[in-house]
Amino acid sequence: MSLLIFLPFITAIFLFIVKMPINAVKSIYVVSTLCVASMAIYLYVHFDPNASMQFIENHSWISQYGINYSIGVDGVSLGIVMMNALLMPLIAIGLYKQRDKKGYWIHLLFVQGGIMGAALSLDLMLFYLFWEVMLLPIFFMIGLYGYGKSNFVAIKFNIYTIFGSLMMLVAILYLAVSYKEQFGFYSFALDDLKNLKLTTIESLLVFSGFMMAFAIKIPIFPFHTWLSDTYRSAPTGIVIVMSSLMAKLGAYAIWRFLFTLFDKTSHQLAPYFIGIGLFGLIFFGISAMNQTHLKRMFALSSASHLSLIVVGFFVYDIYGLVGSSYLIISHALSSAALFLMLAMMYERVQTYTIDTLGGIAKVAPVFALFFAFFALSIVGVPLTSGFVAEVLIILGAFEYNIYIGFLAATTVLIAMLFMFKMISAVLYGDTNERTKNFQDLRAHELMALIPLALLILAMGIFPNYFIKNIEPTAKTFASNKEVSHHE
Amino acid sequence: MSNEFIALAVPAILLFSAIFTLLFGFSVHYTKSRGYFITLGTLFITFLISANGIGETFTLPVLPHIFNSMVVYDAFSATFISLFLLGGFLTLAIAKSFVDNTCFFTHESFVLLLFSLFGMVILTMANELLTAFIALEIASMSVYILVGLNRNSLRASEAFFKYLLLGSFAASFYLLGMVLIYASVKSTNLAVIAHYILSTNLKAQLLVIAGSMLIMITIMFKIAAVPFGAWVLDVYEGASFPITAYMAGVFKIAIFAFILRIFLQNFIAYESLYDPLIIGGAMVTLIAGSLLAVTQNSVKKMLAASSVVHSGYLLIAFASIGEATYSATSAIIFYLFAYFLSAIGAFGVLSYISKGSDKQINYDDLNGLAKSRPIIAASFTIFILSLAGFPSTIGFIAKFYIFTSAIEAGYAILAFFGALAACVSIYYYFKVIGHLYFKESGPVESLSGEKFSLIFIVITAIVVLWGGVGTSLLYDLPGINALNDLSRYAIGSLSL
């Protein structure tokens, strides 16, 4: 388990120290990430769906403050771990020809390790450590390999997110100190801290400290102002990481930490967050419609879907929970694939603007097929995984409140609008100067995209096989909540 | 090694070595590198000797029949002495290339460095106000001259006069405060004063309270807390890089050793009087320091201004001493350790880049360093991250302790404030990293590599990282836990 976290770090440090040609760097990157992926698959196969938290490791780190290195995996975090492990080698395979800087791959390895650590940690300090550590390579990659005013964007993004994290740090420390006052010793373990009794005001403040960090990462309206700049400037590898993994991690953290620690407060605030989430869904969807820059458009569209994930979590029942966890995975797959394809397109036509594109389907049918497939899977067309997830969330929303359910169901349609509009503009119509010589997908690009497409289809057609791992966790969680709800 | 031996050997070796270097400097056999290595060796040996005294709790009046218990050697002073001897050693070791490339590091400069360390050792061991004052002045006088070492630089001379004038003026507050305390207690011994404070009622202690406030003014001046730190930008700018690092990192440790001793032993009874003042001071220091740091163009001045912010963090912990004595004190010790490592590293990298020239290093001078000197750039990044309190470096653990102690003392708002200041600091620190990595440099001049300095820069960087993630799980190296234990022993030895 620990190897999942530290193998990427070790490889990255090794690559930094040893000088070697760029092809060797890429090969080592692929080998190392494939190792991580196979370990993750091993984890998946041996995962016992009926137990909640498993593969637990616990070592003392700073004993005086009760900070432990403690990690473990359950049904919800398993999804993020799997995505993290699977997407990273595919990025390298898909972009094999494009990125010739050693630093690019080193930073990606660092990000992988950081995300893995944050998804697995059960100790708040450890979580904070990884949560921050993964920012650093993102900062470097935007600054080093980004487009446009990348330096400015990198610092803006960094200050924005670190502000959130620092608020969370103060909140974490406050929790630990209150724990010491009530139980006589320090602890940062999630299991201990949930026994804490806080007054309403206290838990509200601490809750908002945490929420600040998560809301900025996801981002929830109104903390989204870093979003479109950053996505536009960031290089593809990081865009994939941000939209498929980092943002999902924020949503996951809401569930893992906020719902565990502040059960009552989360319940009380749930209507507000559902409202904000639905508003974000509409707001980001409408903003996405008006974009002419493809990357910005997908950025806003994924923000819109993330709002849906947040709604699903805050709906607080088993459908919403399973649906959100499922959407985390399926949206990660689709958006990673789409951003990969955008990078391939950029390599060929050197533009992201919708107006300058058109007619790609005529010259590159395979590309068009995949592009359309992934775009539709994001929208949640039946047979794709997005459909299953969205249906579950909407079901959950209906259980919660019929109007909320109705609203959620209709707003999901907004995504259809701009996706169809985009597809028709980019793929169909007449070819122009730029797209005339559009080259179809190459072998290594297909190699990266086919697994993603197959996985999306499999998750859409046989959802039960995948959901069975999430469900028990969700069930125990939801039943616990109901008990505490009725008390 | 018995503790009496350590207590006497450390100052004696420093003093002897200083006088020896002073005389040796006039001999024909003297060369700069010999003087350098004698000093470095002295620091290393004294550090090793002094490090024997840490890790257990003890108190030992040094030769009470001769010195009349004016100096005391306990685990507290042993810890601090080891800290700043290590700091002095690292400063000097990293400064090797700077010393080689400049002509103003004469033998007197090494002598002054040793004398100032001698002063700090005595200051840390002082158990009496007058001894402390003399030791403080020995250290300060040496540092005044070290600031003005470069006689050809106008800036250095300006810094020297400014520091000398203001420093002497601030020292007079200490004298006045001491006189006031003596007037009512009839003794300058800390133990006697502590006894007096506890046994007399508060109304009769007005003079002692006023005196303690005056002493605090001097201390606040020395650690450059706002509003007494107006000198800091000019002086840090004028002094050469190693000396700036020495003042920011090492001298501060000795001052805090003394302030903690008198505060914990004596003035803790006035804690309710002090707290509003210190809290206000901490906030003002954080705000003003952040504002100063954001507006600087030169990296050196930015680091100088940010050292004011770091004093602000220390004051946060200092304000919490009353309610959370143990955790706040160990937070201060840990923070001092973390800060001196990172600051010495950062200034050391600057001095390494400057190659001994007097020019200001602006942000633009760092452009493209990552390409030409990747190892230097990576180490510099680590130091900067540690100063910014980024997780996985020692600076983060230090901030973690500071904030925890503040919350424990019930000042959650101070921790919040500190977090805001840390957020602002991300801006000016990450600007440095941005320039290191994202900007292309002009024509790259090849730097003549000085291996000796480079090795110590890298070692310091590794220690900074280890301090952030270190655990005794991997191998049997002392990690964060071990440092915590050390500070516990140190505080235990103060009679509270």
# chains A, B, ... in the order shown; residues from 1 in each chain; ligands from 1
$ residues_around --residues "segment 293-307 of chain B" --least-positions-apart "3" --cutoff "8 Å" --atoms "only C-alpha atoms" --output "PyMOL selection string"
chain B and resi 232-233+236-237+248+289-290+310-311+347+350+360-363+425+427-428+432
$ write_last_selection --atoms "C-alpha atoms" --output "mmCIF file, in the first residue's frame"
data_model
loop_
_atom_site.group_PDB
_atom_site.id
_atom_site.type_symbol
_atom_site.label_atom_id
_atom_site.label_comp_id
_atom_site.auth_asym_id
_atom_site.auth_seq_id
_atom_site.Cartn_x
_atom_site.Cartn_y
_atom_site.Cartn_z
ATOM 1 C CA VAL B 232 16.294 46.067 10.187
ATOM 2 C CA LEU B 233 15.936 46.714 6.458
ATOM 3 C CA TYR B 236 20.428 43.747 6.780
ATOM 4 C CA GLU B 237 20.846 45.324 3.387
ATOM 5 C CA ALA B 248 18.882 36.938 11.305
ATOM 6 C CA GLY B 289 6.512 42.808 8.003
ATOM 7 C CA SER B 290 4.232 41.396 5.316
ATOM 8 C CA HIS B 310 9.082 35.475 11.378
ATOM 9 C CA SER B 311 9.644 37.486 14.546
ATOM 10 C CA PHE B 347 21.209 33.836 2.569
ATOM 11 C CA LEU B 350 22.498 34.408 -2.213
ATOM 12 C CA GLN B 360 22.081 43.913 -4.663
ATOM 13 C CA ILE B 361 20.488 40.754 -5.934
ATOM 14 C CA ASN B 362 17.152 41.619 -7.483
ATOM 15 C CA TYR B 363 14.516 39.144 -8.471
ATOM 16 C CA SER B 425 4.130 35.245 2.350
ATOM 17 C CA TYR B 427 3.254 35.632 -2.765
ATOM 18 C CA TYR B 428 6.715 37.014 -2.118
ATOM 19 C CA VAL B 432 11.480 33.937 -6.023
#
$ residues_around --residues "Ala171 of chain A" --least-positions-apart "5" --cutoff "10 Å" --atoms "only C-alpha atoms" --output "ChimeraX atom specification"
/A:165-166,176-177,202-203,205-211 /B:412,415-416
$ interface_residues --of "chain B" --to "chain A" --cutoff "10 Å" --atoms "only C-alpha atoms" --output "PDB file with C-alpha atoms, in the first residue's frame"
ATOM      1  CA  PRO B 374      19.975  23.129 -10.999  1.00  0.00           C
ATOM      2  CA  ILE B 375      21.286  21.944  -7.637  1.00  0.00           C
ATOM      3  CA  LEU B 385       9.488  26.617   0.806  1.00  0.00           C
ATOM      4  CA  PHE B 390       5.157  24.627   3.022  1.00  0.00           C
ATOM      5  CA  PRO B 391       4.466  21.067   4.217  1.00  0.00           C
ATOM      6  CA  SER B 392       7.231  18.484   3.977  1.00  0.00           C
ATOM      7  CA  THR B 393       9.790  21.040   5.118  1.00  0.00           C
ATOM      8  CA  PHE B 396       5.879  23.765   8.193  1.00  0.00           C
ATOM      9  CA  ILE B 397       6.336  21.706  11.352  1.00  0.00           C
ATOM     10  CA  PHE B 400       2.324  23.883  13.026  1.00  0.00           C
ATOM     11  CA  TYR B 401       3.738  24.048  16.565  1.00  0.00           C
ATOM     12  CA  PHE B 403      -0.315  27.718  15.648  1.00  0.00           C
ATOM     13  CA  THR B 404      -1.108  24.754  17.882  1.00  0.00           C
ATOM     14  CA  SER B 405       0.314  26.495  20.918  1.00  0.00           C
ATOM     15  CA  ALA B 406      -1.651  29.643  20.085  1.00  0.00           C
ATOM     16  CA  ILE B 407      -4.908  27.696  19.820  1.00  0.00           C
ATOM     17  CA  GLU B 408      -4.090  25.784  22.964  1.00  0.00           C
ATOM     18  CA  ALA B 409      -3.680  29.065  24.793  1.00  0.00           C
ATOM     19  CA  GLY B 410      -7.091  30.152  23.546  1.00  0.00           C
ATOM     20  CA  ALA B 412      -7.331  30.911  17.906  1.00  0.00           C
ATOM     21  CA  ILE B 413      -7.665  34.340  16.345  1.00  0.00           C
ATOM     22  CA  ALA B 415      -3.420  31.471  14.681  1.00  0.00           C
ATOM     23  CA  PHE B 416      -5.900  32.636  12.065  1.00  0.00           C
ATOM     24  CA  PHE B 417      -3.950  35.845  11.721  1.00  0.00           C
ATOM     25  CA  GLY B 418      -0.703  33.940  11.381  1.00  0.00           C
ATOM     26  CA  ALA B 419      -2.278  31.817   8.666  1.00  0.00           C
ATOM     27  CA  LEU B 420      -3.237  34.963   6.776  1.00  0.00           C
ATOM     28  CA  ALA B 422       1.550  32.918   5.793  1.00  0.00           C
ATOM     29  CA  CYS B 423      -0.791  33.235   2.834  1.00  0.00           C
ATOM     30  CA  VAL B 424       0.643  36.659   1.986  1.00  0.00           C
ATOM     31  CA  SER B 425       4.130  35.245   2.350  1.00  0.00           C
ATOM     32  CA  ILE B 426       3.316  32.708  -0.368  1.00  0.00           C
ATOM     33  CA  TYR B 427       3.254  35.632  -2.765  1.00  0.00           C
ATOM     34  CA  TYR B 428       6.715  37.014  -2.118  1.00  0.00           C
ATOM     35  CA  PHE B 430       6.903  32.014  -4.630  1.00  0.00           C
ATOM     36  CA  LYS B 431       7.907  35.026  -6.683  1.00  0.00           C
ATOM     37  CA  ILE B 433      10.730  30.416  -7.197  1.00  0.00           C
ATOM     38  CA  GLY B 434       8.965  31.821 -10.229  1.00  0.00           C
ATOM     39  CA  HIS B 435      12.049  33.802 -11.154  1.00  0.00           C
ATOM     40  CA  TYR B 437      12.396  28.509 -12.798  1.00  0.00           C
ATOM     41  CA  PHE B 438      10.044  30.312 -15.134  1.00  0.00           C
ATOM     42  CA  LYS B 439      12.102  33.210 -16.420  1.00  0.00           C
ATOM     43  CA  GLY B 468       9.771  18.164   7.725  1.00  0.00           C
ATOM     44  CA  VAL B 469       9.149  14.482   7.169  1.00  0.00           C
ATOM     45  CA  GLY B 470      11.779  12.850   9.346  1.00  0.00           C
ATOM     46  CA  THR B 471      10.742   9.983  11.493  1.00  0.00           C
ATOM     47  CA  SER B 472      12.668   7.441  13.439  1.00  0.00           C
ATOM     48  CA  LEU B 473      10.939   4.756  11.395  1.00  0.00           C
ATOM     49  CA  GLY B 479      13.590  12.902  13.521  1.00  0.00           C
ATOM     50  CA  ILE B 480      11.002  15.410  14.620  1.00  0.00           C
ATOM     51  CA  ASN B 481      10.313  13.441  17.773  1.00  0.00           C
ATOM     52  CA  ALA B 482      13.917  13.713  18.921  1.00  0.00           C
ATOM     53  CA  ASN B 484      10.681  17.610  20.634  1.00  0.00           C
ATOM     54  CA  ASP B 485      12.336  15.592  23.363  1.00  0.00           C
TER      55      ASP B 485
END
$ closest_atom_pairs --of "segment 83-122 of chain A" --to "segment 334-357 of chain A" --cutoff "8 Å" --atoms "only C-alpha atoms" --output "JSON lines"
{"residue": "A:Leu87", "atom": "CA", "partner": "A:Ala336", "partner_atom": "CA", "distance": 7.5}
{"residue": "A:Ile91", "atom": "CA", "partner": "A:Leu340", "partner_atom": "CA", "distance": 7.2}
{"residue": "A:Gly94", "atom": "CA", "partner": "A:Leu340", "partner_atom": "CA", "distance": 6.9}
{"residue": "A:Leu95", "atom": "CA", "partner": "A:Met344", "partner_atom": "CA", "distance": 7.5}
{"residue": "A:Gln98", "atom": "CA", "partner": "A:Glu347", "partner_atom": "CA", "distance": 7.8}
$ residues_around --residues "segment 148-158 of chain B" --least-positions-apart "3" --cutoff "7 Å" --atoms "only C-alpha atoms" --output "ChimeraX atom specification"
/B:104,144-145,161-162,238-239
$ write_last_selection --atoms "C-alpha atoms" --output "PDB file, in the first residue's frame"
ATOM      1  CA  PHE B 104      37.380  42.476   3.789  1.00  0.00           C
ATOM      2  CA  TYR B 144      28.042  46.099  15.030  1.00  0.00           C
ATOM      3  CA  ILE B 145      31.567  45.932  13.669  1.00  0.00           C
ATOM      4  CA  PHE B 161      26.285  53.701  12.117  1.00  0.00           C
ATOM      5  CA  LYS B 162      22.570  53.228  12.093  1.00  0.00           C
ATOM      6  CA  GLY B 238      24.153  46.947   4.226  1.00  0.00           C
ATOM      7  CA  ALA B 239      25.753  43.980   5.921  1.00  0.00           C
TER       8      ALA B 239
END
$ residues_around --residues "segment 29-41 of chain B" --least-positions-apart "4" --cutoff "10 Å" --atoms "only C-alpha atoms" --output "MDAnalysis selection string"
chainID B and resid 14 17:18 20:25 45:47 88:93 96 99:100 103 105:111 113:114
$ closest_residue --among "B:Ala257, B:Met220, B:Val226, B:Leu387" --to "Ser82 of chain B" --atoms "only C-alpha atoms"
B:Ala257
$ closest_residue --among "A:Phe420, A:Phe262, A:Phe47, A:Phe223" --to "Phe373 of chain A" --atoms "only C-alpha atoms"
A:Phe420
$ closest_residue --among "A:Met246, A:Val366, A:Leu15, A:Leu395" --to "Ser324 of chain A" --atoms "only C-alpha atoms"
A:Leu395
$ closest_residue --among "A:Leu446, A:Ala332, A:Leu281, A:Leu455" --to "Ala415 of chain A" --atoms "only C-alpha atoms"
A:Leu281
$ closest_residue --among "A:Lys468, A:Lys197, A:Lys475, A:Lys362" --to "Gly429 of chain A" --atoms "only C-alpha atoms"
A:Lys362
$ atom_distance --atom1 "atom CA of Ala7 of chain B" --atom2 "atom CA of Tyr73 of chain B"
6.1 Å
$ residues_around --residues "Val81 of chain A" --least-positions-apart "2" --cutoff "12 Å" --atoms "only C-alpha atoms" --output "ChimeraX atom specification"
/A:1,4-5,36-44,72-79,83-88,112-121,244-246,248-249,252,328-329,332
$ residues_around --residues "Gly405 of chain A" --least-positions-apart "6" --cutoff "12 Å" --atoms "only C-alpha atoms" --output "ChimeraX atom specification"
/A:274-275,278,308,311-312,315,320,390-399,411-412
$ write_last_selection --atoms "N, CA and C atoms" --output "compact mmCIF listing (two decimals), in the first residue's frame"
# COMPACT_ATOMS: atom_id res chain seq x y z
N ILE A 274 -26.75 22.15 -1.50
CA ILE A 274 -27.46 21.64 -2.67
C ILE A 274 -27.87 22.80 -3.56
N GLY A 275 -28.32 23.89 -2.90
CA GLY A 275 -28.69 25.07 -3.68
C GLY A 275 -27.52 25.62 -4.45
N LEU A 278 -26.65 23.28 -7.32
CA LEU A 278 -27.54 23.37 -8.47
C LEU A 278 -27.31 24.67 -9.22
N LEU A 308 -22.57 18.89 -9.63
CA LEU A 308 -23.54 17.79 -9.52
C LEU A 308 -23.05 16.75 -8.52
N VAL A 311 -23.76 18.04 -5.16
CA VAL A 311 -25.19 17.86 -4.86
C VAL A 311 -25.45 16.43 -4.43
N GLY A 312 -24.87 15.49 -5.18
CA GLY A 312 -25.09 14.08 -4.88
C GLY A 312 -24.63 13.72 -3.48
N VAL A 315 -27.00 15.31 -0.84
CA VAL A 315 -28.34 14.73 -0.79
C VAL A 315 -28.40 13.70 0.31
N GLY A 320 -27.56 8.97 -3.79
CA GLY A 320 -26.72 10.12 -4.08
C GLY A 320 -25.26 9.77 -3.88
N GLU A 390 -25.49 9.63 -13.33
CA GLU A 390 -26.43 10.74 -13.26
C GLU A 390 -27.82 10.27 -12.85
N VAL A 391 -28.20 9.10 -13.36
CA VAL A 391 -29.51 8.57 -12.97
C VAL A 391 -29.55 8.35 -11.46
N LEU A 392 -28.46 7.79 -10.92
CA LEU A 392 -28.43 7.54 -9.48
C LEU A 392 -28.54 8.83 -8.69
N ILE A 393 -27.78 9.83 -9.10
CA ILE A 393 -27.82 11.10 -8.36
C ILE A 393 -29.21 11.71 -8.43
N ILE A 394 -29.80 11.67 -9.63
CA ILE A 394 -31.12 12.27 -9.78
C ILE A 394 -32.15 11.52 -8.94
N LEU A 395 -31.99 10.18 -8.91
CA LEU A 395 -32.87 9.38 -8.04
C LEU A 395 -32.74 9.85 -6.59
N GLY A 396 -31.48 10.00 -6.17
CA GLY A 396 -31.23 10.46 -4.80
C GLY A 396 -31.87 11.81 -4.57
N ALA A 397 -31.75 12.68 -5.55
CA ALA A 397 -32.31 14.02 -5.40
C ALA A 397 -33.82 13.96 -5.30
N PHE A 398 -34.42 13.04 -6.06
CA PHE A 398 -35.89 12.91 -5.96
C PHE A 398 -36.31 12.42 -4.59
N GLU A 399 -35.53 11.48 -4.05
CA GLU A 399 -35.85 11.00 -2.70
C GLU A 399 -35.78 12.14 -1.70
N THR A 411 -31.44 20.36 -15.25
CA THR A 411 -30.20 21.10 -15.47
C THR A 411 -29.14 20.23 -16.10
N VAL A 412 -29.22 18.92 -15.87
CA VAL A 412 -28.25 18.04 -16.52
C VAL A 412 -28.33 18.20 -18.03
$ closest_residue --among "B:Tyr411, B:Phe251, B:Tyr429, B:Phe380" --to "Asp275 of chain B" --atoms "only C-alpha atoms"
B:Tyr411
$ select_by_dssp --residues "segment 67-185 of chain B" --states "helix (DSSP H, G or I)" --output "MDAnalysis selection string"
chainID B and resid 67 75:94 96:101 107:125 129:147 154:185
$ atom_distance --atom1 "atom CA of Ala215 of chain A" --atom2 "atom CA of Lys295 of chain A"
21.2 Å
$ residues_around --residues "segment 460-462 of chain B" --least-positions-apart "2" --cutoff "10 Å" --atoms "only C-alpha atoms" --output "PyMOL selection string"
chain B and resi 90+94+341-342+344-346+376+378-383+386+393+454-458+464-468
